[in-house]
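Undergrad: structure.cif is the file, holding mmCIF, C-alpha atoms and all ligand atoms:
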```cif
data_final
loop_
_atom_site.label_atom_id
_atom_site.label_comp_id
_atom_site.auth_asym_id
_atom_site.auth_seq_id
_atom_site.Cartn_x
_atom_site.Cartn_y
_atom_site.Cartn_z
CA MET A 1 34.41 -31.93 -29.05
CA CYS A 2 37.53 -32.75 -27.09
CA ASN A 3 36.79 -32.81 -23.38
CA THR A 4 40.30 -31.99 -22.22
CA CYS A 5 41.06 -28.91 -24.26
CA GLY A 6 37.73 -28.01 -25.85
CA CYS A 7 39.09 -28.15 -29.37
CA LEU A 8 36.98 -29.29 -32.26
CA ASN A 9 37.99 -32.59 -33.77
CA TYR A 10 36.12 -32.95 -37.00
CA THR A 11 36.38 -36.09 -39.02
CA MET A 12 34.70 -37.11 -42.23
CA ASP A 13 32.03 -38.85 -40.21
CA ASP A 14 31.20 -35.63 -38.42
CA LEU A 15 30.38 -33.70 -41.55
CA VAL A 16 27.46 -31.45 -40.94
CA TRP A 17 24.66 -31.91 -43.40
CA TYR A 18 22.50 -28.92 -44.04
CA ARG A 19 19.00 -29.18 -45.35
CA TYR A 20 18.00 -26.67 -47.98
CA ARG A 21 14.67 -25.73 -49.41
CA CYS A 22 14.48 -24.23 -52.86
CA SER A 23 12.40 -21.09 -52.94
CA ASN A 24 11.86 -21.52 -56.66
CA CYS A 25 10.44 -25.03 -56.93
CA GLY A 26 10.08 -26.09 -53.30
CA HIS A 27 12.50 -28.96 -53.61
CA VAL A 28 14.13 -29.99 -50.33
CA TYR A 29 17.55 -31.57 -50.35
CA LYS A 30 20.65 -32.01 -48.25
CA SER A 31 24.07 -30.58 -48.80
CA THR A 32 27.25 -30.18 -46.82
CA GLY A 33 28.13 -26.92 -48.48
CA GLN A 34 27.59 -23.47 -47.10
CA ARG A 35 26.39 -22.31 -50.47
CA SER A 36 24.31 -24.50 -52.67
CA VAL A 37 22.11 -24.60 -55.71
CA CYS A 38 18.94 -26.59 -56.16
CA PRO A 39 19.74 -29.88 -57.93
CA HIS A 40 16.24 -29.92 -59.34
CA CYS A 41 15.98 -26.56 -61.07
CA ARG A 42 19.51 -25.17 -60.67
CA SER A 43 18.22 -22.13 -58.85
CA ASP A 44 20.46 -20.58 -56.22
CA ASP A 45 17.45 -19.14 -54.44
CA VAL A 46 17.62 -21.69 -51.66
CA LYS A 47 17.25 -21.30 -47.93
CA LYS A 48 18.86 -23.35 -45.25
CA VAL A 49 16.32 -24.99 -42.98
CA ARG A 50 17.02 -26.48 -39.62
CA SER A 51 16.99 -30.24 -39.55
CA THR A 52 15.51 -31.59 -36.36
ZN ZN B 1 14.55 -25.75 -57.22
#
```
Can you give me the file's structure in the form of structure tokens?

TA:
Amino acid sequence: MCNTCGCLNYTMDDLVWYRYRCSNCGHVYKSTGQRSVCPHCRSDDVKKVRST
């Protein structure tokens, strides 16, 4: 975040990676997308989990 004006300066390096857990098969994976499908079983029944 820019200290002078408070604007958000995103770059490619600042991409936010979300961690998802598939409710169908339990597979956990990372994605940058807001919506995602499980790469393991192709289910879209996935939930975003907080990465600590
Ligand atoms: Zn799955």

Undergrad: Contacts of Asn24 of chain A at 8 Å or less, counting only C-alpha atoms, minus same-chain residues fewer than 2 places along, as a list in words?

TA: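 Surrounding residues, per the criterion: Cys22, Gly26, Cys41, Ser43, Asp45 and Val46 of chain A.
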
Undergrad: Would you work out the distance separating atom CA of Arg50 of chain A from atom CA of Arg35 of chain A, expressed in Å to one decimal?

TA: 14.9 Å

Undergrad: Work out how far apart atom CA of Lys48 of chain A and atom CA of Tyr18 of chain A are and give it in Å to one decimal.

TA: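 Taking atom CA of Lys48 of chain A and atom CA of Tyr18 of chain A, their separation equals 6.8 Å.
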
Undergrad: Looking at only C-alpha atoms and all ligand atoms, which of A:Tyr20, A:Lys30, A:Arg42, A:Asp14 is the one that sits closest to ligand ZN 1 (chain B)?

TA: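 Smallest separation from ligand ZN 1 (chain B) among the options: A:Arg42.
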
Undergrad: So the first atom is atom CA of Asp44 of chain A and the second is atom CA of Thr32 of chain A; what is the distance between them in Å, to one decimal place?

TA: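 These two atoms are separated by 15.1 Å.
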
Undergrad: Compare A:Arg21, A:Ser31, A:Val16, A:Ser36 by their minimum atom-to-atom distance to ligand ZN 1 (chain B), counting all atoms listed in the file, and give me the closest one.

TA: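 Closest residue, counting all atoms listed in the file: A:Arg21.
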
Undergrad: Of the candidates A:Val28, A:Gln34, A:His40, A:Arg19, which shows the shortest atom-to-atom distance to ligand ZN 1 (chain B), using only C-alpha atoms and all ligand atoms?

TA: A:His40

Undergrad: Ranking A:Val49, A:Ser23, A:Gly33, A:Leu15 by minimum distance to ligand ZN 1 (chain B) and counting only C-alpha atoms and all ligand atoms, which one comes first?

TA: A:Ser23
